[in-house]
Every structure is written in structure tokens, then in C-alpha cells.
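Shown here: structure-v4.cif, mmCIF, C-alpha atoms.
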data_query
#
loop_
_atom_site.label_atom_id
_atom_site.label_comp_id
_atom_site.auth_asym_id
_atom_site.auth_seq_id
_atom_site.Cartn_x
_atom_site.Cartn_y
_atom_site.Cartn_z
CA MET A 51 -35.07 36.81 -6.63
CA ALA A 52 -31.45 35.74 -6.89
CA THR A 53 -29.49 35.12 -3.68
CA THR A 54 -25.83 34.99 -2.71
CA ASP A 55 -24.14 31.80 -1.51
CA ASP A 56 -25.23 32.48 2.09
CA GLY A 57 -28.85 33.00 1.05
CA THR A 58 -28.86 36.81 1.16
CA PRO A 59 -31.15 38.29 -1.52
CA THR A 60 -29.44 40.25 -4.27
CA THR A 61 -30.73 42.63 -6.92
CA LEU A 62 -30.48 42.25 -10.70
CA LEU A 63 -28.20 45.29 -10.89
CA ALA A 64 -25.85 43.72 -8.37
CA GLU A 65 -25.83 40.50 -10.42
CA VAL A 66 -24.98 42.42 -13.57
CA LYS A 67 -22.16 44.28 -11.83
CA SER A 68 -20.82 41.00 -10.54
CA ALA A 69 -21.04 39.23 -13.91
CA VAL A 70 -19.76 42.08 -16.09
CA THR A 71 -16.67 43.80 -14.75
CA ALA A 72 -15.74 47.35 -15.67
CA ARG A 73 -12.82 45.97 -17.70
CA ALA A 74 -15.13 43.64 -19.63
CA ALA A 75 -17.55 46.50 -20.29
CA LEU A 76 -14.72 48.63 -21.66
CA LEU A 77 -13.51 45.79 -23.89
CA VAL A 78 -17.02 45.19 -25.24
CA THR A 79 -17.36 48.92 -25.91
CA GLY A 80 -14.03 48.83 -27.74
CA VAL A 81 -15.21 45.91 -29.87
CA LEU A 82 -18.36 47.86 -30.75
CA GLY A 83 -16.18 50.80 -31.75
CA LEU A 84 -14.03 48.57 -33.96
CA MET A 85 -17.15 47.18 -35.64
CA ILE A 86 -18.47 50.67 -36.36
CA ALA A 87 -15.06 51.73 -37.66
CA PHE A 88 -14.90 48.62 -39.88
CA ILE A 89 -18.26 49.37 -41.48
CA THR A 90 -17.43 53.05 -41.91
CA SER A 91 -13.98 52.46 -43.38
CA TYR A 92 -14.90 49.76 -45.90
CA THR A 93 -18.14 51.42 -46.98
CA GLY A 94 -16.48 54.82 -47.18
CA ALA A 95 -13.67 53.50 -49.35
CA PHE A 96 -15.70 51.32 -51.69
CA HIS A 97 -19.22 52.74 -52.01
CA HIS A 98 -18.49 55.21 -54.82
CA PRO A 99 -15.23 54.50 -56.67
CA GLN A 100 -14.35 57.05 -59.33
CA PRO A 101 -11.06 57.99 -61.01
CA ARG A 102 -9.22 61.04 -59.72
CA ASP A 103 -6.07 62.39 -61.33
CA VAL A 104 -5.08 59.12 -62.97
CA PRO A 105 -1.60 59.58 -64.52
CA LEU A 106 -1.99 59.37 -68.32
CA ALA A 107 0.57 59.87 -71.08
CA VAL A 108 -0.56 61.51 -74.33
CA VAL A 109 1.40 60.70 -77.49
CA ALA A 110 0.36 62.96 -80.36
CA PRO A 111 1.89 65.26 -82.97
CA PRO A 112 3.71 68.15 -81.23
CA GLN A 113 1.30 70.76 -82.55
CA THR A 114 -1.73 69.07 -80.96
CA ALA A 115 -0.31 67.11 -77.99
CA GLY A 116 -0.41 70.00 -75.52
CA GLN A 117 -3.88 71.08 -76.56
CA LEU A 118 -5.25 67.54 -76.21
CA ALA A 119 -3.61 67.08 -72.82
CA GLY A 120 -5.19 70.34 -71.69
CA LYS A 121 -8.65 69.21 -72.76
CA LEU A 122 -8.27 65.92 -70.91
CA ASP A 123 -7.03 67.77 -67.84
CA ARG A 124 -10.19 69.90 -67.79
CA LEU A 125 -12.65 66.99 -67.84
CA PRO A 126 -15.35 67.31 -65.14
CA GLY A 127 -14.30 65.78 -61.85
CA SER A 128 -10.62 65.77 -62.87
CA PRO A 129 -10.46 62.02 -63.60
CA LEU A 130 -7.11 62.28 -65.41
CA ASP A 131 -3.70 63.80 -64.81
CA PRO A 132 -2.45 63.90 -68.42
CA ARG A 133 1.08 64.70 -69.53
CA THR A 134 2.61 64.61 -73.00
CA SER A 135 5.10 61.93 -73.97
CA PRO A 136 7.53 62.14 -76.91
CA SER A 137 6.92 58.62 -78.21
CA GLU A 138 4.93 55.45 -77.77
CA ALA A 139 8.07 53.64 -76.63
CA GLU A 140 8.62 56.18 -73.86
CA ALA A 141 4.98 55.98 -72.80
CA LEU A 142 5.19 52.19 -72.69
CA ARG A 143 8.34 52.39 -70.56
CA GLN A 144 6.59 54.71 -68.09
CA LEU A 145 3.62 52.34 -67.97
CA GLN A 146 5.89 49.41 -67.14
CA ASP A 147 7.73 51.51 -64.56
CA ARG A 148 4.34 52.25 -62.92
CA LYS A 149 4.75 56.00 -63.35
CA ILE A 150 1.51 56.21 -65.36
CA ASP A 151 -1.64 54.09 -65.54
CA GLY A 152 -2.46 54.57 -69.20
CA ALA A 153 -1.24 56.05 -72.47
CA LEU A 154 -3.32 57.52 -75.28
CA ILE A 155 -1.61 57.05 -78.65
CA VAL A 156 -3.19 59.41 -81.19
CA ASP A 157 -3.26 58.44 -84.85
CA PRO A 158 -2.82 61.67 -86.84
CA ARG A 159 -3.80 59.96 -90.10
CA GLY A 160 -7.01 58.31 -88.92
CA SER A 161 -9.89 58.57 -86.44
CA THR A 162 -9.08 55.52 -84.29
CA ASP A 163 -6.59 56.00 -81.48
CA ARG A 164 -5.08 53.42 -79.12
CA LEU A 165 -5.21 53.33 -75.34
CA LEU A 166 -2.45 51.39 -73.59
CA VAL A 167 -3.38 50.09 -70.13
CA ALA A 168 -1.89 47.62 -67.63
CA SER A 169 -4.58 45.51 -66.00
CA GLY A 170 -1.88 43.73 -64.00
CA GLY A 171 -1.84 46.84 -61.84
CA GLY A 172 -5.59 46.64 -61.26
CA ALA A 173 -8.37 45.69 -63.66
CA SER A 174 -10.85 48.15 -62.17
CA LEU A 175 -8.47 51.05 -62.79
CA SER A 176 -7.82 50.03 -66.41
CA GLN A 177 -11.56 49.82 -67.05
CA ALA A 178 -12.17 53.21 -65.44
CA VAL A 179 -9.51 54.86 -67.61
CA GLU A 180 -10.97 53.20 -70.69
CA GLN A 181 -14.46 54.55 -69.90
CA VAL A 182 -13.17 58.09 -69.43
CA ILE A 183 -11.14 58.04 -72.64
CA ARG A 184 -13.96 56.50 -74.69
CA ALA A 185 -16.34 59.22 -73.56
CA ALA A 186 -13.78 61.95 -74.31
CA GLU A 187 -12.98 60.50 -77.73
CA LYS A 188 -16.66 60.20 -78.60
CA GLU A 189 -17.11 63.92 -78.07
CA GLN A 190 -14.33 64.50 -80.61
CA ARG A 191 -15.99 62.07 -83.05
CA ARG A 192 -13.11 59.65 -82.65
CA THR A 193 -12.89 56.05 -81.46
CA VAL A 194 -10.31 54.27 -79.33
CA ARG A 195 -8.97 50.71 -79.27
CA THR A 196 -7.72 49.45 -75.92
CA VAL A 197 -4.48 47.47 -75.78
CA ASP A 198 -3.57 45.74 -72.52
CA ALA A 199 0.21 46.11 -72.47
CA THR A 200 0.63 44.31 -69.14
CA PRO A 201 -2.36 42.01 -68.72
CA ALA A 202 -3.21 40.18 -65.53
CA ASP A 203 -2.40 36.49 -65.58
CA ALA A 204 -5.06 33.97 -66.60
CA GLY A 205 -5.33 32.78 -62.99
CA ASP A 206 -5.63 36.35 -61.73
CA SER A 207 -8.33 37.77 -63.96
CA ARG A 208 -9.15 40.79 -61.77
CA SER A 209 -5.62 41.27 -60.45
CA LEU A 210 -6.82 40.61 -56.91
CA SER A 211 -4.63 37.64 -56.01
CA SER A 212 -1.77 39.87 -54.90
CA PHE A 213 -4.12 41.76 -52.57
CA TYR A 214 -5.55 38.60 -51.02
CA LEU A 215 -2.05 37.20 -50.64
CA VAL A 216 -0.92 40.27 -48.71
CA VAL A 217 -4.09 40.27 -46.60
CA GLY A 218 -3.33 36.67 -45.65
CA TRP A 219 0.23 37.57 -44.72
CA CYS A 220 -1.01 40.49 -42.59
CA VAL A 221 -3.53 38.26 -40.79
CA GLY A 222 -0.78 35.76 -40.10
CA GLY A 223 1.46 38.49 -38.70
CA TYR A 224 -0.91 39.93 -36.13
CA LEU A 225 -2.36 36.53 -35.19
CA CYS A 226 1.13 35.21 -34.44
CA ALA A 227 1.82 38.20 -32.19
CA ALA A 228 -1.60 37.79 -30.55
CA VAL A 229 -0.96 34.11 -29.81
CA LEU A 230 2.37 34.99 -28.20
CA ALA A 231 0.55 37.52 -26.03
CA ILE A 232 -2.24 35.15 -25.04
CA SER A 233 0.14 32.30 -24.20
CA ALA A 234 2.72 34.28 -22.23
CA GLY A 235 1.30 37.71 -21.39
CA ALA A 236 0.81 40.76 -23.57
CA ARG A 237 3.92 42.52 -22.29
CA PRO A 238 7.27 40.66 -22.34
CA ALA A 239 8.70 40.40 -18.81
CA ASN A 240 12.11 41.68 -19.90
CA GLY A 241 14.27 42.46 -22.88
CA GLN A 242 15.42 38.87 -23.26
CA ARG A 243 11.82 37.65 -23.49
CA ALA A 244 11.14 40.33 -26.10
CA VAL A 245 14.12 39.14 -28.16
CA ILE A 246 12.80 35.58 -27.97
CA ARG A 247 9.35 36.67 -29.18
CA LEU A 248 10.85 38.65 -32.04
CA THR A 249 13.04 35.69 -32.99
CA VAL A 250 10.04 33.36 -33.02
CA LEU A 251 8.16 35.92 -35.12
CA ALA A 252 11.08 36.17 -37.57
CA LEU A 253 11.22 32.39 -38.06
CA TYR A 254 7.46 32.28 -38.46
CA SER A 255 7.62 35.11 -41.00
CA ILE A 256 10.13 33.23 -43.15
CA LEU A 257 7.89 30.15 -43.21
CA ALA A 258 4.73 32.19 -43.80
CA GLY A 259 6.30 34.13 -46.65
CA LEU A 260 7.44 30.94 -48.34
CA ALA A 261 4.06 29.24 -47.87
CA GLY A 262 2.19 32.17 -49.43
CA ALA A 263 4.58 32.41 -52.38
CA ILE A 264 4.26 28.68 -53.12
CA ILE A 265 0.45 28.69 -52.84
CA VAL A 266 -0.13 31.59 -55.25
CA GLY A 267 2.66 30.44 -57.55
CA PRO A 268 3.25 26.74 -58.25
CA VAL A 269 0.16 25.43 -56.43
CA LEU A 270 -2.63 27.67 -57.76
CA ALA A 271 -0.85 29.44 -60.63
CA ALA A 272 -2.58 32.63 -59.50
CA LEU A 273 0.41 34.95 -59.80
CA PRO A 274 3.46 34.99 -62.08
CA GLY A 275 6.77 36.51 -61.08
CA SER A 276 9.72 35.49 -58.95
CA ILE A 277 8.98 33.04 -56.13
CA LEU A 278 12.07 34.25 -54.30
CA GLY A 279 10.89 37.84 -54.65
CA MET A 280 7.45 36.97 -53.32
CA TRP A 281 8.99 34.94 -50.50
CA GLY A 282 11.14 37.86 -49.38
CA LEU A 283 8.21 40.26 -49.62
CA GLY A 284 5.98 37.91 -47.63
CA ALA A 285 8.53 37.49 -44.86
CA LEU A 286 8.88 41.27 -44.60
CA VAL A 287 5.10 41.88 -44.57
CA VAL A 288 4.47 39.24 -41.89
CA PHE A 289 7.30 40.45 -39.69
CA ALA A 290 6.36 44.13 -40.10
CA VAL A 291 2.76 43.48 -39.05
CA GLY A 292 3.73 41.09 -36.26
CA ALA A 293 6.38 43.41 -34.82
CA THR A 294 3.93 46.31 -34.96
CA THR A 295 1.36 44.23 -33.08
CA LEU A 296 3.97 43.31 -30.44
CA ALA A 297 4.78 47.00 -30.06
CA PHE A 298 1.10 47.90 -29.63
CA GLN A 299 0.77 45.15 -27.02
CA GLY A 300 3.80 46.52 -25.21
CA LEU A 301 2.11 49.92 -25.11
CA LEU A 302 -1.46 48.90 -24.25
CA GLY A 303 -1.40 45.27 -23.16
CA ILE A 304 -4.00 42.98 -24.68
CA VAL A 305 -5.86 46.05 -26.01
CA GLY A 306 -2.94 46.48 -28.39
CA ILE A 307 -4.36 43.64 -30.49
CA GLY A 308 -7.42 45.83 -31.10
CA LEU A 309 -5.18 48.71 -32.13
CA ALA A 310 -3.41 46.41 -34.59
CA ILE A 311 -6.76 45.40 -36.07
CA LEU A 312 -7.69 49.08 -36.39
CA VAL A 313 -4.49 50.00 -38.23
CA ILE A 314 -4.00 46.89 -40.37
CA VAL A 315 -7.52 45.61 -41.05
CA ILE A 316 -9.89 48.54 -40.66
CA LEU A 317 -7.68 51.28 -42.12
CA GLY A 318 -5.08 49.29 -44.04
CA ASN A 319 -7.10 46.80 -46.08
CA PRO A 320 -9.65 49.12 -47.75
CA SER A 321 -6.90 51.65 -48.52
CA ALA A 322 -4.47 49.04 -49.89
CA GLY A 323 -5.40 49.59 -53.54
CA GLY A 324 -6.53 45.99 -53.91
CA ALA A 325 -10.13 45.95 -55.06
CA TYR A 326 -9.80 49.57 -56.20
CA PRO A 327 -6.32 51.00 -56.91
CA TYR A 328 -5.38 54.30 -55.33
CA PRO A 329 -6.72 56.66 -58.05
CA LEU A 330 -10.21 55.20 -57.54
CA LEU A 331 -10.28 55.68 -53.76
CA PRO A 332 -11.56 58.74 -51.87
CA PRO A 333 -8.82 61.19 -50.79
CA PHE A 334 -8.47 59.97 -47.18
CA TRP A 335 -7.94 56.31 -48.10
CA GLN A 336 -5.80 57.29 -51.08
CA ALA A 337 -3.54 59.27 -48.75
CA ILE A 338 -3.04 56.68 -46.00
CA GLY A 339 -2.87 53.54 -48.17
CA PRO A 340 0.77 53.74 -49.34
CA ALA A 341 1.96 54.35 -45.75
CA LEU A 342 0.35 51.22 -44.26
CA PRO A 343 1.60 47.61 -44.58
CA PRO A 344 -1.32 46.24 -46.66
CA GLY A 345 -0.95 49.00 -49.25
CA ALA A 346 2.83 48.79 -49.45
CA GLY A 347 2.61 45.00 -49.65
CA THR A 348 -0.07 44.95 -52.36
CA TRP A 349 1.79 47.45 -54.53
CA SER A 350 5.02 45.47 -54.18
CA ALA A 351 3.35 42.12 -54.91
CA ARG A 352 1.83 43.46 -58.14
CA SER A 353 5.15 44.97 -59.15
CA ILE A 354 6.95 41.67 -58.59
CA ALA A 355 4.26 39.73 -60.45
CA TYR A 356 3.73 41.98 -63.47
CA PHE A 357 6.26 44.83 -63.64
CA ARG A 358 9.64 43.12 -63.11
CA GLY A 359 9.87 44.52 -59.60
CA ASN A 360 9.75 48.15 -60.75
CA ALA A 361 8.72 50.92 -58.35
CA THR A 362 9.13 48.85 -55.19
CA THR A 363 11.80 50.88 -53.38
CA GLY A 364 9.34 53.19 -51.63
CA PRO A 365 6.88 50.48 -50.52
CA LEU A 366 9.70 48.23 -49.28
CA LEU A 367 11.08 51.13 -47.24
CA VAL A 368 7.60 51.62 -45.74
CA LEU A 369 7.43 47.95 -44.72
CA SER A 370 10.97 48.10 -43.34
CA ALA A 371 10.08 51.16 -41.28
CA TRP A 372 7.14 49.32 -39.69
CA ALA A 373 9.35 46.29 -39.03
CA VAL A 374 12.21 48.28 -37.50
CA GLY A 375 9.88 50.59 -35.58
CA GLY A 376 7.90 47.70 -34.13
CA THR A 377 11.10 45.89 -33.14
CA VAL A 378 12.68 48.90 -31.43
CA ILE A 379 9.51 49.87 -29.55
CA THR A 380 8.98 46.27 -28.40
CA LEU A 381 12.53 46.02 -27.04
CA VAL A 382 12.49 49.45 -25.38
CA LEU A 383 9.13 48.87 -23.70
CA ALA A 384 10.18 45.43 -22.47
CA THR A 385 13.35 46.91 -20.94
CA LEU A 386 11.38 49.71 -19.26
CA HIS A 387 8.80 47.20 -18.01
CA ARG A 388 11.61 45.15 -16.42
CA LYS A 389 13.06 48.24 -14.71
CA ASN A 390 9.68 49.37 -13.44
CA THR A 391 8.91 45.89 -12.13
CA ALA A 392 12.28 45.76 -10.36
CA LYS A 393 11.73 49.17 -8.76
CA SER A 394 8.25 48.16 -7.64
CA SER A 395 9.61 44.94 -6.09
CA ASP A 396 12.39 46.85 -4.32
CA GLY A 397 9.84 49.29 -2.95
CA GLU A 398 7.75 46.50 -1.52
CA ARG A 399 10.75 45.16 0.42
CA LEU A 400 11.49 48.51 2.00
CA PRO A 401 10.29 48.94 5.59
CA ALA A 402 7.33 51.21 6.10
#
Rewrite the coordinates I just gave you, this time as C-alpha cells.
Amino acid sequence: MATTDDGTPTTLLAEVKSAVTARAALLVTGVLGLMIAFITSYTGAFHHPQPRDVPLAVVAPPQTAGQLAGKLDRLPGSPLDPRTSPSEAEALRQLQDRKIDGALIVDPRGSTDRLLVASGGGASLSQAVEQVIRAAEKEQRRTVRTVDATPADAGDSRSLSSFYLVVGWCVGGYLCAAVLAISAGARPANGQRAVIRLTVLALYSILAGLAGAIIVGPVLAALPGSILGMWGLGALVVFAVGATTLAFQGLLGIVGIGLAILVIVILGNPSAGGAYPYPLLPPFWQAIGPALPPGAGTWSARSIAYFRGNATTGPLLVLSAWAVGGTVITLVLATLHRKNTAKSSDGERLPA
């Protein structure tokens, strides 16, 4: 039987209570919850990808375009969201502007049509659209030839490099904030300390954004596009995630790191449209993805790499909102923490 320092016998239950505090037990329970959420989120998002309402342009003679679009719209499971387009040039413009994910160009004089896709926006989505169109064309005794109008780069065969780049930036953002918390306390002692942390995070974000852009660009040749554009995006992603993590820590202390992991890693990564673009994800993940930093970052990175920066205004506003929101909450909570600490200290000096 175990004994205390003075030789008094102690029970196993008492030893357990002494070794595992209530706080430690709660933290372990929280970690278990995060693990379960991780498994649920990733498996739920990826276990059964199928296209839903994929935007598709239909270019056909006026007398048949509407009828064909209607047939495609009524396919079982609603895999497509077809709309007619007046010309191939207009359909191609919409594809490059990321307003559609494919365009069916009907040949009125033959039986072989063309399908324009953009694998730079996600190879799995292009392949899914091709499968749906091939099956639909086969029923009409027609064939289709796929043309990749915006192909992924040779070093980015599955168009996943942009996703992994953004994931790396996100990891760097919340780890930087976590290190600041571990080294100097989860909650800044005052507003000035909060400003210092945010300044350190901003400098770190600039360096991290540049490092990521150089690695995927000149070093590995994994992504084309503007290095300056990628650098700016990376700095914004890292700062947005780091500032959000600082805000969560200001709200919950060290537990805020777990909340950041929940939002960024567990919910954000599988819904980012990386491995499977948004139209292939289940409704829940499809809905939350564009509003979270990994999704906004991945969309923007692909646009910079393959679509001349088109359709990035919304995602950049999302990232800016996380950055500004995290900054404001961090500063406000630090100021309130300072005031509460001062009041508590004044109260202790008052006579009983």
C-alpha cells in the first residue's frame, strides 16, 4: 500500500486524485472531444464525395439549349446546376472568372461535343463533372471530348499544392500564437502587451507568407502565379489565424488553443475545398468552408495561381474579417483584464 511522506497509508483513489487534478481531467476530456470531432469531421466530409449543383454552362443552338439544360438539371441527385450561355467565348470567360466549373459545347452538326473544365480549380471536381456529362451524353447516343481550359501545373498534378500551402500557413499562425501564450501567459497582462504580441505576430506573418510563396514557387515549382500575390495572401492567412487564436486565448486562457484547433483544423481544413472542392462536399461542410480561413485561403491561392486572381474579393474580405476581429477582441480583452486586475488589487488593499 502506498504511504504519504510521513508514513501514513493512503488509498489508490487518493493517489489518483493527487496525481490527476480536476483541471487536468477536464483538459484530457477536452482532448478526447477534439479527437472525436476530428475523426467525425474529416470522415464526414470525405467518405462519400459526390457532385451537387455544380455550375455548368451549356452552349447549344437556341432552339435546343434550354431543353438540354433542363434535362441536365433533372439528373438524379442534382449533380449539375446548368445554365445556357450565348457563346463558347462567354462560357470560357465565366470558367476563368470561376463563376462556373464546366461548359458543355454542343456540336449541332455532329455527335461529339466538347466539355471545357478547369483542373486548376480542383482535379477531383473536373473529373466528377466529366463522369456526369459522359453518362448523360451516352444516354443521348452522343460522345464528349474533354478539354482542360485551365490545367493544373505540372508540379501540381492534383491541384492540391495550394491547399497544403494554406494548411501550412494556418498551422504557423496558431502555433505562433500558442508559443506566445506558453512563454508569457495565455492572456496579455494589459493592452500594451497585447499590442506587442500582435506586432510580433504581424512580423512573423510577413516572413511566413514570404517563405511559403518562395517554397511553392521558385524552390519546388509547385504553383505558378504571382509570388507577390502569394506572399500577401500568406501574410494575411497567417495573421488572421494567429490573431483569432490570440482572441480565443484571451477569452478562455490556454483552452483557447483547443478552440482554435477546433475552428481551423477540425472544421476548417476538411471544408476548405482542397482535396474535394465545395460542390463535392456534403452540405454542412460546403456551407461553412468559404467562411473559415482555410477555405478562403485555398480558394484565393488557386485563383492567384491559375485564374489571374479572379474571384478573390469575397475570400480576402473573409480573411480580413478574421484578422480584424481577432485583433479587436484581443485588445479589448487585454484592456478589460488589466482593469479587472487593478480593481482586484485595489480591493485587496482595502481594510476589512
In Å and to one decimal, atom CA of Pro320 of chain A is distant from atom CA of Ser91 of chain A by 7.0 Å
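Restricting the calculation to all atoms listed in the file, the smallest distance between Pro99 of chain A and any of A:Ala261, A:Ala322, A:Leu154, A:Leu331 is found for A:Leu331.
Picture a line from atom CA of Leu273 of chain A to atom CA of Arg352 of chain A; it runs 8.8 Å.
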Would you mind listing what lies within 7 Å of segment 142-151 of chain A as a list of chain:residue names, with only C-alpha atoms counted and same-chain residues fewer than 4 positions away left out? A:Val104, A:Pro105, A:Leu106, A:Ala107, A:Glu138, A:Val167, A:Ala168, A:Phe357, A:Asn360, A:Ala361
Quick one, how far is atom CA of Val197 of chain A from atom CA of Tyr356 of chain A? 15.8 Å
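Of the residues listed (A:Gly172, A:Gly318, A:Pro333, A:Gly339), A:Gly172 shows the shortest atom-to-atom separation from Asp203 of chain A; distances use only C-alpha atoms.
Among the candidates A:Ile354, A:Val287, A:Val305, A:Leu251, the residue lying nearest to Leu367 of chain A is A:Val287 (atoms considered: all atoms listed in the file).
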Can you tell me which residues surround Leu175 of chain A at a distance of at most 7 Å, considering only C-alpha atoms, apart from same-chain residues fewer than 6 positions away, and format the answer as an NGL selection string? :A and (326-327 or 330)
Near segment 373-381 of chain A, within 12 Å and counting all atoms listed in the file, which residues show up once chain neighbours fewer than 6 positions away are dropped, as a VMD selection string? chain A and resid 223 to 224 227 236 to 249 251 to 252 255 285 to 303 306 310 342 to 343 366 to 367 387 to 388
Hey, which of A:Val315, A:Thr200, A:Ser212, A:Gly80 ends up closest to Ala271 of chain A? Count only C-alpha atoms. A:Ser212
Can you list what the PyMOL selection byres ((chain A and resi 132) around 12) grabs from this structure, as an MDAnalysis selection string? chainID A and resid 102:109 115:125 128:131 133:135 141 149:154 179 183
